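Source file: entry-v8.pdb (PDB, C-alpha atoms (C1' of nucleotides))
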```
ATOM      1  CA  MET Z   1     -69.215 -63.154 -62.415
ATOM      2  CA  ALA Z   2     -69.563 -66.529 -60.745
ATOM      3  CA  ASN Z   3     -66.723 -67.303 -58.352
ATOM      4  CA  LYS Z   4     -65.144 -70.664 -58.941
ATOM      5  CA  PRO Z   5     -65.721 -73.247 -56.178
ATOM      6  CA  GLN Z   6     -62.083 -73.260 -54.960
ATOM      7  CA  LEU Z   7     -61.819 -76.856 -53.801
ATOM      8  CA  LEU Z   8     -58.741 -78.011 -51.937
ATOM      9  CA  THR Z   9     -57.150 -81.442 -51.842
ATOM     10  CA  ILE Z  10     -56.428 -82.975 -48.471
ATOM     11  CA  GLN Z  11     -52.783 -81.957 -48.827
ATOM     12  CA  GLN Z  12     -53.744 -78.360 -49.431
ATOM     13  CA  ALA Z  13     -56.187 -78.414 -46.549
ATOM     14  CA  SER Z  14     -53.429 -79.860 -44.413
ATOM     15  CA  ALA Z  15     -51.001 -77.133 -45.438
ATOM     16  CA  ALA Z  16     -53.630 -74.460 -44.880
ATOM     17  CA  THR Z  17     -54.562 -75.608 -41.388
ATOM     18  CA  GLY Z  18     -51.335 -77.080 -40.107
ATOM     19  CA  LEU Z  19     -53.133 -80.317 -39.321
ATOM     20  CA  SER Z  20     -51.763 -83.569 -40.693
ATOM     21  CA  VAL Z  21     -53.769 -85.421 -43.326
ATOM     22  CA  HIS Z  22     -54.176 -88.164 -40.760
ATOM     23  CA  THR Z  23     -55.750 -85.720 -38.370
ATOM     24  CA  LEU Z  24     -58.046 -84.293 -41.031
ATOM     25  CA  ARG Z  25     -59.399 -87.746 -41.809
ATOM     26  CA  TYR Z  26     -59.640 -88.496 -38.114
ATOM     27  CA  TYR Z  27     -61.673 -85.353 -37.457
ATOM     28  CA  GLU Z  28     -64.012 -86.297 -40.255
ATOM     29  CA  ARG Z  29     -64.400 -89.820 -38.899
ATOM     30  CA  ILE Z  30     -65.404 -88.648 -35.446
ATOM     31  CA  GLY Z  31     -67.880 -86.192 -36.902
ATOM     32  CA  LEU Z  32     -66.210 -82.817 -36.499
ATOM     33  CA  LEU Z  33     -66.550 -82.200 -40.218
ATOM     34  CA  ARG Z  34     -69.640 -83.317 -42.077
ATOM     35  CA  GLN Z  35     -68.881 -85.590 -44.981
ATOM     36  CA  ILE Z  36     -66.398 -83.748 -47.165
ATOM     37  CA  GLY Z  37     -67.183 -83.632 -50.898
ATOM     38  CA  ARG Z  38     -65.421 -86.075 -53.212
ATOM     39  CA  ALA Z  39     -63.857 -85.886 -56.645
ATOM     40  CA  GLU Z  40     -64.887 -88.521 -59.217
ATOM     41  CA  ASN Z  41     -62.078 -90.746 -58.003
ATOM     42  CA  GLY Z  42     -63.257 -90.618 -54.407
ATOM     43  CA  HIS Z  43     -60.626 -88.155 -53.217
ATOM     44  CA  ARG Z  44     -61.645 -85.491 -50.730
ATOM     45  CA  ARG Z  45     -62.248 -81.922 -51.863
ATOM     46  CA  TYR Z  46     -62.431 -79.261 -49.178
ATOM     47  CA  SER Z  47     -64.725 -76.326 -49.905
ATOM     48  CA  SER Z  48     -64.318 -72.877 -48.394
ATOM     49  CA  VAL Z  49     -67.273 -73.655 -46.159
ATOM     50  CA  ASP Z  50     -65.417 -76.721 -44.910
ATOM     51  CA  MET Z  51     -62.305 -74.638 -44.341
ATOM     52  CA  ASP Z  52     -64.210 -71.987 -42.397
ATOM     53  CA  ARG Z  53     -65.725 -74.608 -40.187
ATOM     54  CA  LEU Z  54     -62.337 -76.203 -39.700
ATOM     55  CA  LYS Z  55     -60.884 -72.871 -38.720
ATOM     56  CA  LEU Z  56     -63.522 -72.373 -36.045
ATOM     57  CA  LEU Z  57     -63.231 -75.884 -34.678
ATOM     58  CA  THR Z  58     -59.447 -75.881 -34.549
ATOM     59  CA  LYS Z  59     -59.547 -72.626 -32.604
ATOM     60  CA  LEU Z  60     -61.829 -74.268 -30.073
ATOM     61  CA  ILE Z  61     -59.550 -77.287 -29.876
ATOM     62  CA  LEU Z  62     -56.440 -75.149 -29.590
ATOM     63  CA  THR Z  63     -57.963 -73.381 -26.618
ATOM     64  CA  LYS Z  64     -58.569 -76.669 -24.831
ATOM     65  CA  MET Z  65     -62.159 -77.497 -25.641
ATOM     66  CA  PRO Z  66     -62.262 -81.306 -25.353
ATOM     67  CA  LEU Z  67     -62.943 -83.092 -28.648
ATOM     68  CA  GLU Z  68     -66.085 -84.541 -27.134
ATOM     69  CA  LYS Z  69     -67.595 -81.077 -26.782
ATOM     70  CA  VAL Z  70     -66.388 -79.979 -30.188
ATOM     71  CA  GLN Z  71     -68.063 -83.099 -31.500
ATOM     72  CA  ARG Z  72     -71.316 -82.128 -29.840
ATOM     73  CA  TYR Z  73     -71.103 -78.608 -31.203
ATOM     74  CA  ALA Z  74     -70.367 -79.911 -34.698
ATOM     75  CA  LEU Z  75     -73.352 -82.232 -34.503
ATOM     76  CA  LEU Z  76     -75.589 -79.321 -33.535
ATOM     77  CA  MET Z  77     -74.356 -77.306 -36.504
ATOM     78  CA  GLU Z  78     -75.696 -80.053 -38.767
ATOM     79  CA  GLN Z  79     -79.122 -79.781 -37.258
ATOM     80  CA  GLY Z  80     -80.102 -76.240 -38.088
ATOM     81  CA  ASP Z  81     -81.628 -73.372 -36.195
ATOM     82  CA  ALA Z  82     -83.425 -75.444 -33.591
ATOM     83  CA  THR Z  83     -80.097 -76.113 -31.909
ATOM     84  CA  ILE Z  84     -78.942 -72.515 -31.672
ATOM     85  CA  ALA Z  85     -79.764 -72.223 -27.977
ATOM     86  CA  GLU Z  86     -77.507 -75.119 -27.058
ATOM     87  CA  ARG Z  87     -74.751 -73.945 -29.357
ATOM     88  CA  GLU Z  88     -74.917 -70.548 -27.731
ATOM     89  CA  SER Z  89     -74.594 -72.094 -24.312
ATOM     90  CA  ILE Z  90     -71.596 -74.183 -25.384
ATOM     91  CA  LEU Z  91     -69.853 -71.152 -26.807
ATOM     92  CA  SER Z  92     -70.666 -68.993 -23.799
ATOM     93  CA  ALA Z  93     -69.248 -71.619 -21.482
ATOM     94  CA  HIS Z  94     -66.134 -71.844 -23.581
ATOM     95  CA  ARG Z  95     -65.872 -68.085 -23.645
ATOM     96  CA  ALA Z  96     -65.543 -68.121 -19.877
ATOM     97  CA  GLU Z  97     -62.894 -70.832 -20.207
ATOM     98  CA  VAL Z  98     -60.982 -68.657 -22.628
ATOM     99  CA  LEU Z  99     -61.023 -65.710 -20.239
ATOM    100  CA  GLN Z 100     -59.800 -67.976 -17.456
ATOM    101  CA  GLN Z 101     -56.956 -69.158 -19.628
ATOM    102  CA  MET Z 102     -55.991 -65.581 -20.396
ATOM    103  CA  ASP Z 103     -55.731 -64.951 -16.690
ATOM    104  CA  ASP Z 104     -53.609 -68.052 -16.227
ATOM    105  CA  LEU Z 105     -51.343 -66.870 -18.997
ATOM    106  CA  ARG Z 106     -51.010 -63.420 -17.506
ATOM    107  CA  GLU Z 107     -50.062 -64.873 -14.138
ATOM    108  CA  THR Z 108     -47.613 -67.238 -15.748
ATOM    109  CA  LEU Z 109     -46.058 -64.414 -17.715
ATOM    110  CA  ALA Z 110     -45.616 -62.414 -14.533
ATOM    111  CA  ILE Z 111     -43.880 -65.332 -12.833
ATOM    112  CA  ILE Z 112     -41.653 -65.996 -15.830
ATOM    113  CA  ASP Z 113     -40.644 -62.353 -16.050
ATOM    114  CA  TYR Z 114     -39.945 -62.277 -12.350
ATOM    115  CA  LYS Z 115     -37.712 -65.333 -12.663
ATOM    116  CA  LEU Z 116     -35.970 -63.975 -15.722
ATOM    117  CA  ALA Z 117     -35.259 -60.729 -13.897
ATOM    118  CA  ILE Z 118     -33.657 -62.703 -11.102
ATOM    119  CA  TYR Z 119     -31.603 -64.742 -13.524
ATOM    120  CA  LYS Z 120     -30.414 -61.645 -15.319
ATOM    121  CA  GLY Z 121     -27.552 -60.945 -12.999
ATOM    122  CA  LYS Z 122     -29.441 -60.061  -9.860
ATOM    123  CA  ALA Z 123     -29.985 -62.801  -7.312
ATOM    124  CA  THR Z 124     -29.776 -66.568  -7.679
ATOM    125  CA  THR Z 125     -32.981 -68.532  -7.233
TER
ATOM    126  CA  MET L   1     -39.103 -64.068  16.251
ATOM    127  CA  ALA L   2     -38.498 -67.313  14.419
ATOM    128  CA  ASN L   3     -41.313 -68.192  12.031
ATOM    129  CA  LYS L   4     -42.577 -71.721  12.404
ATOM    130  CA  PRO L   5     -41.839 -74.061   9.481
ATOM    131  CA  GLN L   6     -45.465 -74.382   8.307
ATOM    132  CA  LEU L   7     -45.380 -77.907   6.928
ATOM    133  CA  LEU L   8     -48.343 -79.256   4.995
ATOM    134  CA  THR L   9     -49.569 -82.805   4.689
ATOM    135  CA  ILE L  10     -50.179 -84.204   1.243
ATOM    136  CA  GLN L  11     -53.898 -83.569   1.663
ATOM    137  CA  GLN L  12     -53.288 -79.941   2.482
ATOM    138  CA  ALA L  13     -50.888 -79.586  -0.397
ATOM    139  CA  SER L  14     -53.507 -81.161  -2.633
ATOM    140  CA  ALA L  15     -56.188 -78.766  -1.438
ATOM    141  CA  ALA L  16     -53.848 -75.804  -1.834
ATOM    142  CA  THR L  17     -52.841 -76.634  -5.386
ATOM    143  CA  GLY L  18     -55.920 -78.343  -6.769
ATOM    144  CA  LEU L  19     -53.794 -81.325  -7.730
ATOM    145  CA  SER L  20     -54.818 -84.799  -6.557
ATOM    146  CA  VAL L  21     -52.612 -86.578  -4.046
ATOM    147  CA  HIS L  22     -51.949 -89.127  -6.780
ATOM    148  CA  THR L  23     -50.660 -86.389  -9.015
ATOM    149  CA  LEU L  24     -48.500 -84.895  -6.279
ATOM    150  CA  ARG L  25     -46.792 -88.239  -5.721
ATOM    151  CA  TYR L  26     -46.522 -88.737  -9.467
ATOM    152  CA  TYR L  27     -44.822 -85.366  -9.910
ATOM    153  CA  GLU L  28     -42.374 -86.243  -7.202
ATOM    154  CA  ARG L  29     -41.628 -89.619  -8.779
ATOM    155  CA  ILE L  30     -40.785 -88.123 -12.145
ATOM    156  CA  GLY L  31     -38.562 -85.545 -10.529
ATOM    157  CA  LEU L  32     -40.581 -82.326 -10.731
ATOM    158  CA  LEU L  33     -40.266 -81.928  -6.987
ATOM    159  CA  ARG L  34     -37.076 -82.809  -5.217
ATOM    160  CA  GLN L  35     -37.568 -85.337  -2.446
ATOM    161  CA  ILE L  36     -40.184 -83.897  -0.165
ATOM    162  CA  GLY L  37     -39.373 -83.942   3.569
ATOM    163  CA  ARG L  38     -40.855 -86.665   5.753
ATOM    164  CA  ALA L  39     -42.390 -86.840   9.189
ATOM    165  CA  GLU L  40     -41.091 -89.517  11.594
ATOM    166  CA  ASN L  41     -43.675 -91.951  10.268
ATOM    167  CA  GLY L  42     -42.548 -91.472   6.675
ATOM    168  CA  HIS L  43     -45.430 -89.211   5.637
ATOM    169  CA  ARG L  44     -44.690 -86.321   3.315
ATOM    170  CA  ARG L  45     -44.457 -82.772   4.660
ATOM    171  CA  TYR L  46     -44.560 -79.946   2.143
ATOM    172  CA  SER L  47     -42.565 -76.864   3.048
ATOM    173  CA  SER L  48     -43.345 -73.390   1.758
ATOM    174  CA  VAL L  49     -40.339 -73.726  -0.530
ATOM    175  CA  ASP L  50     -41.889 -76.878  -1.968
ATOM    176  CA  MET L  51     -45.193 -75.093  -2.383
ATOM    177  CA  ASP L  52     -43.602 -72.143  -4.155
ATOM    178  CA  ARG L  53     -41.840 -74.457  -6.515
ATOM    179  CA  LEU L  54     -45.057 -76.352  -7.113
ATOM    180  CA  LYS L  55     -46.834 -73.117  -7.877
ATOM    181  CA  LEU L  56     -44.286 -72.201 -10.532
ATOM    182  CA  LEU L  57     -44.229 -75.641 -12.096
ATOM    183  CA  THR L  58     -47.999 -75.999 -12.231
ATOM    184  CA  LYS L  59     -48.239 -72.637 -13.973
ATOM    185  CA  LEU L  60     -45.814 -73.885 -16.592
ATOM    186  CA  ILE L  61     -47.772 -77.099 -16.986
ATOM    187  CA  LEU L  62     -51.086 -75.265 -17.135
ATOM    188  CA  THR L  63     -49.765 -73.170 -19.991
ATOM    189  CA  LYS L  64     -48.849 -76.256 -21.974
ATOM    190  CA  MET L  65     -45.196 -76.781 -21.220
ATOM    191  CA  PRO L  66     -44.699 -80.536 -21.760
ATOM    192  CA  LEU L  67     -43.840 -82.438 -18.565
ATOM    193  CA  GLU L  68     -40.584 -83.494 -20.173
ATOM    194  CA  LYS L  69     -39.425 -79.868 -20.306
ATOM    195  CA  VAL L  70     -40.700 -79.102 -16.841
ATOM    196  CA  GLN L  71     -38.717 -82.122 -15.730
ATOM    197  CA  ARG L  72     -35.601 -80.740 -17.329
ATOM    198  CA  TYR L  73     -36.139 -77.350 -15.748
ATOM    199  CA  ALA L  74     -36.720 -78.930 -12.344
ATOM    200  CA  LEU L  75     -33.523 -80.910 -12.695
ATOM    201  CA  LEU L  76     -31.589 -77.747 -13.478
ATOM    202  CA  MET L  77     -32.987 -76.054 -10.379
ATOM    203  CA  GLU L  78     -31.365 -78.783  -8.306
ATOM    204  CA  GLN L  79     -27.990 -78.058  -9.786
ATOM    205  CA  GLY L  80     -27.343 -74.501  -8.738
ATOM    206  CA  ASP L  81     -26.142 -71.381 -10.441
ATOM    207  CA  ALA L  82     -24.158 -73.107 -13.165
ATOM    208  CA  THR L  83     -27.413 -73.998 -14.898
ATOM    209  CA  ILE L  84     -28.923 -70.527 -14.911
ATOM    210  CA  ALA L  85     -28.153 -69.929 -18.571
ATOM    211  CA  GLU L  86     -30.125 -72.972 -19.669
ATOM    212  CA  ARG L  87     -32.962 -72.226 -17.298
ATOM    213  CA  GLU L  88     -33.156 -68.742 -18.712
ATOM    214  CA  SER L  89     -33.356 -70.095 -22.225
ATOM    215  CA  ILE L  90     -36.109 -72.534 -21.285
ATOM    216  CA  LEU L  91     -38.144 -69.789 -19.669
ATOM    217  CA  SER L  92     -37.570 -67.386 -22.540
ATOM    218  CA  ALA L  93     -38.739 -69.994 -25.000
ATOM    219  CA  HIS L  94     -41.807 -70.652 -22.933
ATOM    220  CA  ARG L  95     -42.435 -66.951 -22.627
ATOM    221  CA  ALA L  96     -42.767 -66.780 -26.403
ATOM    222  CA  GLU L  97     -45.134 -69.749 -26.225
ATOM    223  CA  VAL L  98     -47.242 -67.936 -23.685
ATOM    224  CA  LEU L  99     -47.510 -64.853 -25.885
ATOM    225  CA  GLN L 100     -48.506 -67.060 -28.805
ATOM    226  CA  GLN L 101     -51.209 -68.643 -26.709
ATOM    227  CA  MET L 102     -52.523 -65.235 -25.742
ATOM    228  CA  ASP L 103     -52.858 -64.413 -29.409
ATOM    229  CA  ASP L 104     -54.658 -67.671 -30.065
ATOM    230  CA  LEU L 105     -57.024 -66.905 -27.231
ATOM    231  CA  ARG L 106     -57.700 -63.407 -28.501
ATOM    232  CA  GLU L 107     -58.508 -64.746 -31.954
ATOM    233  CA  THR L 108     -60.706 -67.442 -30.508
ATOM    234  CA  LEU L 109     -62.517 -64.916 -28.371
ATOM    235  CA  ALA L 110     -63.172 -62.771 -31.436
ATOM    236  CA  ILE L 111     -64.606 -65.734 -33.322
ATOM    237  CA  ILE L 112     -66.760 -66.802 -30.390
ATOM    238  CA  ASP L 113     -68.124 -63.311 -29.947
ATOM    239  CA  TYR L 114     -68.825 -63.067 -33.643
ATOM    240  CA  LYS L 115     -70.738 -66.338 -33.527
ATOM    241  CA  LEU L 116     -72.606 -65.360 -30.400
ATOM    242  CA  ALA L 117     -73.639 -62.092 -32.017
ATOM    243  CA  ILE L 118     -75.013 -64.044 -34.946
ATOM    244  CA  TYR L 119     -76.869 -66.425 -32.665
ATOM    245  CA  LYS L 120     -78.359 -63.566 -30.674
ATOM    246  CA  GLY L 121     -81.274 -63.023 -32.959
ATOM    247  CA  LYS L 122     -79.518 -61.759 -36.036
ATOM    248  CA  ALA L 123     -78.671 -64.269 -38.767
ATOM    249  CA  THR L 124     -78.509 -68.075 -38.643
ATOM    250  CA  THR L 125     -75.121 -69.695 -39.211
TER
ATOM    251  C1'  DC C   1     -57.404-105.812  20.824
ATOM    252  C1'  DC C   2     -59.344-104.626  16.667
ATOM    253  C1'  DT C   3     -60.977-101.665  13.285
ATOM    254  C1'  DT C   4     -60.697 -97.491  10.647
ATOM    255  C1'  DG C   5     -58.493 -94.293   7.940
ATOM    256  C1'  DA C   6     -54.526 -91.861   6.149
ATOM    257  C1'  DC C   7     -50.436 -92.689   4.683
ATOM    258  C1'  DT C   8     -46.465 -95.435   2.055
ATOM    259  C1'  DT C   9     -44.410 -97.845  -2.475
ATOM    260  C1'  DA C  10     -44.278 -99.898  -7.041
ATOM    261  C1'  DG C  11     -46.423-101.236 -10.864
ATOM    262  C1'  DA C  12     -50.423-101.542 -13.836
ATOM    263  C1'  DG C  13     -54.319 -99.439 -16.114
ATOM    264  C1'  DT C  14     -56.924 -95.684 -18.376
ATOM    265  C1'  DC C  15     -58.050 -91.858 -21.262
ATOM    266  C1'  DG C  16     -57.870 -88.354 -24.816
ATOM    267  C1'  DA C  17     -55.980 -87.344 -28.960
ATOM    268  C1'  DC C  18     -53.907 -88.548 -32.312
ATOM    269  C1'  DT C  19     -50.735 -91.514 -35.557
ATOM    270  C1'  DC C  20     -49.656 -95.325 -38.093
ATOM    271  C1'  DG C  21     -50.044 -99.598 -40.948
ATOM    272  C1'  DA C  22     -52.031-102.728 -44.202
ATOM    273  C1'  DA C  23     -54.466-103.534 -48.190
ATOM    274  C1'  DG C  24     -56.554-101.755 -52.092
ATOM    275  C1'  DT C  25     -57.582 -98.103 -56.045
ATOM    276  C1'  DT C  26     -56.494 -94.648 -59.399
ATOM    277  C1'  DG C  27     -54.021 -91.465 -62.464
ATOM    278  C1'  DT C  28     -49.816 -90.062 -64.571
ATOM    279  C1'  DA C  29     -44.826 -90.640 -66.282
ATOM    280  C1'  DG C  30     -41.513 -93.375 -68.546
TER
ATOM    281  C1'  DC N   1     -47.083-102.228 -69.630
ATOM    282  C1'  DT N   2     -45.266-101.068 -65.472
ATOM    283  C1'  DA N   3     -43.899 -98.445 -61.761
ATOM    284  C1'  DC N   4     -44.931 -94.816 -58.643
ATOM    285  C1'  DA N   5     -47.143 -91.560 -55.865
ATOM    286  C1'  DA N   6     -51.251 -90.023 -53.745
ATOM    287  C1'  DC N   7     -55.255 -91.204 -52.436
ATOM    288  C1'  DT N   8     -58.927 -94.452 -50.008
ATOM    289  C1'  DT N   9     -60.837 -97.292 -45.559
ATOM    290  C1'  DC N  10     -60.530 -99.180 -41.179
ATOM    291  C1'  DG N  11     -58.458-101.169 -37.344
ATOM    292  C1'  DA N  12     -54.557-101.128 -34.430
ATOM    293  C1'  DG N  13     -50.808 -98.809 -32.064
ATOM    294  C1'  DT N  14     -48.599 -94.952 -29.570
ATOM    295  C1'  DC N  15     -47.877 -91.182 -26.461
ATOM    296  C1'  DG N  16     -48.414 -87.937 -22.713
ATOM    297  C1'  DA N  17     -50.350 -87.369 -18.496
ATOM    298  C1'  DC N  18     -52.258 -88.963 -15.212
ATOM    299  C1'  DT N  19     -55.133 -92.386 -12.149
ATOM    300  C1'  DC N  20     -55.806 -96.417  -9.824
ATOM    301  C1'  DT N  21     -54.803-100.868  -7.320
ATOM    302  C1'  DA N  22     -52.556-103.890  -4.259
ATOM    303  C1'  DA N  23     -50.054-104.772  -0.355
ATOM    304  C1'  DG N  24     -48.197-102.997   3.578
ATOM    305  C1'  DT N  25     -47.358 -99.583   7.803
ATOM    306  C1'  DC N  26     -48.865 -96.835  11.522
ATOM    307  C1'  DA N  27     -51.649 -93.986  15.021
ATOM    308  C1'  DA N  28     -55.882 -93.052  17.219
ATOM    309  C1'  DG N  29     -60.671 -94.353  18.793
ATOM    310  C1'  DG N  30     -64.122 -97.561  20.736
TER
END
```

Just give me the structure of the file as C-alpha cells.
Amino acid sequence: MANKPQLLTIQQASAATGLSVHTLRYYERIGLLRQIGRAENGHRRYSSVDMDRLKLLTKLILTKMPLEKVQRYALLMEQGDATIAERESILSAHRAEVLQQMDDLRETLAIIDYKLAIYKGKATT
Amino acid sequence: MANKPQLLTIQQASAATGLSVHTLRYYERIGLLRQIGRAENGHRRYSSVDMDRLKLLTKLILTKMPLEKVQRYALLMEQGDATIAERESILSAHRAEVLQQMDDLRETLAIIDYKLAIYKGKATT
DNA sequence: CCTTGACTTAGAGTCGACTCGAAGTTGTAG
DNA sequence: CTACAACTTCGAGTCGACTCTAAGTCAAGG
C-alpha cells in the first residue's frame, strides 16, 4: 500500500503551524524552506517533509535562535552530509542557549511566585 | 548600626544588570523605572530599591513580556495597594506564559537531542 | 587654563522580524 | 460572461526594542 503524498495548501500549512501565510512565504523567500513544490497552477503544496522541517525550524525560532542562524542551518541542510559537523555545532550551541533560557524561566517563576504570595493578602510590595 | 545607602552610578548599574547605559536611560524614559535619584551634579544614582525593581522587570522582559505590559505593571507599582488586584492578574497571566515557554523549551530540547543523536554517526538527516 | 571623560537631555536612526499592498493569474459559482 | 476568492510575486511599510548622535554641563588632572 502506497501512502498518498498528503500535500497541504498554504492555508492548511498556516493552520497547522500557526504561522500566517505571509510569514510562510517570507520564510521561503529568505531561504528557511527550500523551494516548496507547486501545483499546476503555481500554487504552493507543502509536503510532510516540508512540514517536518518547518516544525524544527519554528521550534528554533520560538526559542530565540536569530533568523540569520536558522537561515544558515537551513542552507546547510540543503548541502548534504558534508555539512553535518557545522550543523552539529549550531545545534549544540543552541542547546546551551535553551538550557540557559530554562534557568531564566525558573528564576522568573520563583520571583513571580514570591510576588504573588506577597500580593495574596500578606504584605504589600 | 545604620546601613549606608549604597548608591550606584549608571555605569555600575549597567555592569550589575548587563544592560547598556543607553538602555537604562531608555527604560527610565518610558516609565519602567520611576525617576531615579540624582547626585548634586544631576547624575543618576541607583538605590538598592531601584536595583531590585530592575531585577524583577528585566526578568519579565527576558521571558518575553512585551515592554508595553511591563510599562503597565511598573505604572501600577507606583500607585500603591489599590492596584494589587491588577498586578496580580498581570503576573498570573505571565506565569502561564512562562510555563508555556518551559514546555516549548523542553520540546525543542528533545528535537535538538534527537537531531544530535542522528548526527553523531548514526543516520544522515 | 585647557583638555579629557563621564555624565545630561531630546530626538533621530537602526535592526530584526515580520506584515502589508499592488498588480496580475486562475478556477469555480451564478 | 462575469464576479469572486485564493493564489502568485515583489517591493514597501510597520512595529518593538533598542541604539546612537548632537549639543551641552561639570569635575578632575596636567

Point to revise | Matched chain/residue IDs from the PyMOL selection byres ((chain N) within 10 of (chain L)), as a PyMOL selection string | key: chain N and resi 16-20+25-27

Practice item. Could the residues of chain C within 8 Å of chain Z, counting all atoms listed in the file, be given as a PyMOL selection string, please? Key: chain C and resi 18-19+26

**Study point:** Given the PyMOL selection byres ((chain L) within 7 of (chain Z)), the residues it picks as a PyMOL selection string
**Key:** chain L and resi 59-60+63+81+84+88+91+95+98+102+105+108-109+112+116+119+124

Exercise for review: Mind listing whatever residues come within 12 Å of the point (-60.2, -100.2, -44.2)? Use only C-alpha atoms (C1' of nucleotides), file coordinates, and give them as a list in words.
Suggested key: DG21, DA22, DA23 and DG24 of chain C; DT8, DT9, DC10, DG11 and DA12 of chain N

Practice item. Calculate how many Å separate atom CA of L:Ser48 from atom CA of L:Ala74, rounding to one decimal. Key: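 Answer for the atom CA of L:Ser48 to atom CA of L:Ala74 separation: 16.5 Å.
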
Exercise for review: Would you please work out which residue, of C:DA6, C:DA12, C:DA29, C:DC20, is nearest to N:DA28 when using only C-alpha atoms (C1' of nucleotides)?
Suggested key: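 Closest to N:DA28 of all the choices is C:DA6.
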
**Study point:** the PyMOL selection byres ((chain N and resi 3) around 9) resolved against shown file, as a ChimeraX atom specification
**Key:** /C:30 /N:2,4

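You will find atom CA of Z:Leu8 at 26.8 Å from atom CA of Z:Lys69.
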
Check your understanding: What lies within 10 Å of N:DG24 using only C-alpha atoms (C1' of nucleotides), ignoring chain neighbours under 2 positions off, as a list in words?
Key -> DT8 and DT9 of chain C; DA22 of chain N

Padded axis-aligned box of stretch 8-27 of chain N (6 Å per side), centre and edge lengths, Å, one decimal, as AutoDock Vina command-line options:
```
--center_x -54.1 --center_y -96.1 --center_z -17.5 --size_x 25.5 --size_y 29.4 --size_z 77.0
```

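From atom CA of L:Asp52 back to atom C1' of C:DC7, the distance works out to 23.4 Å.
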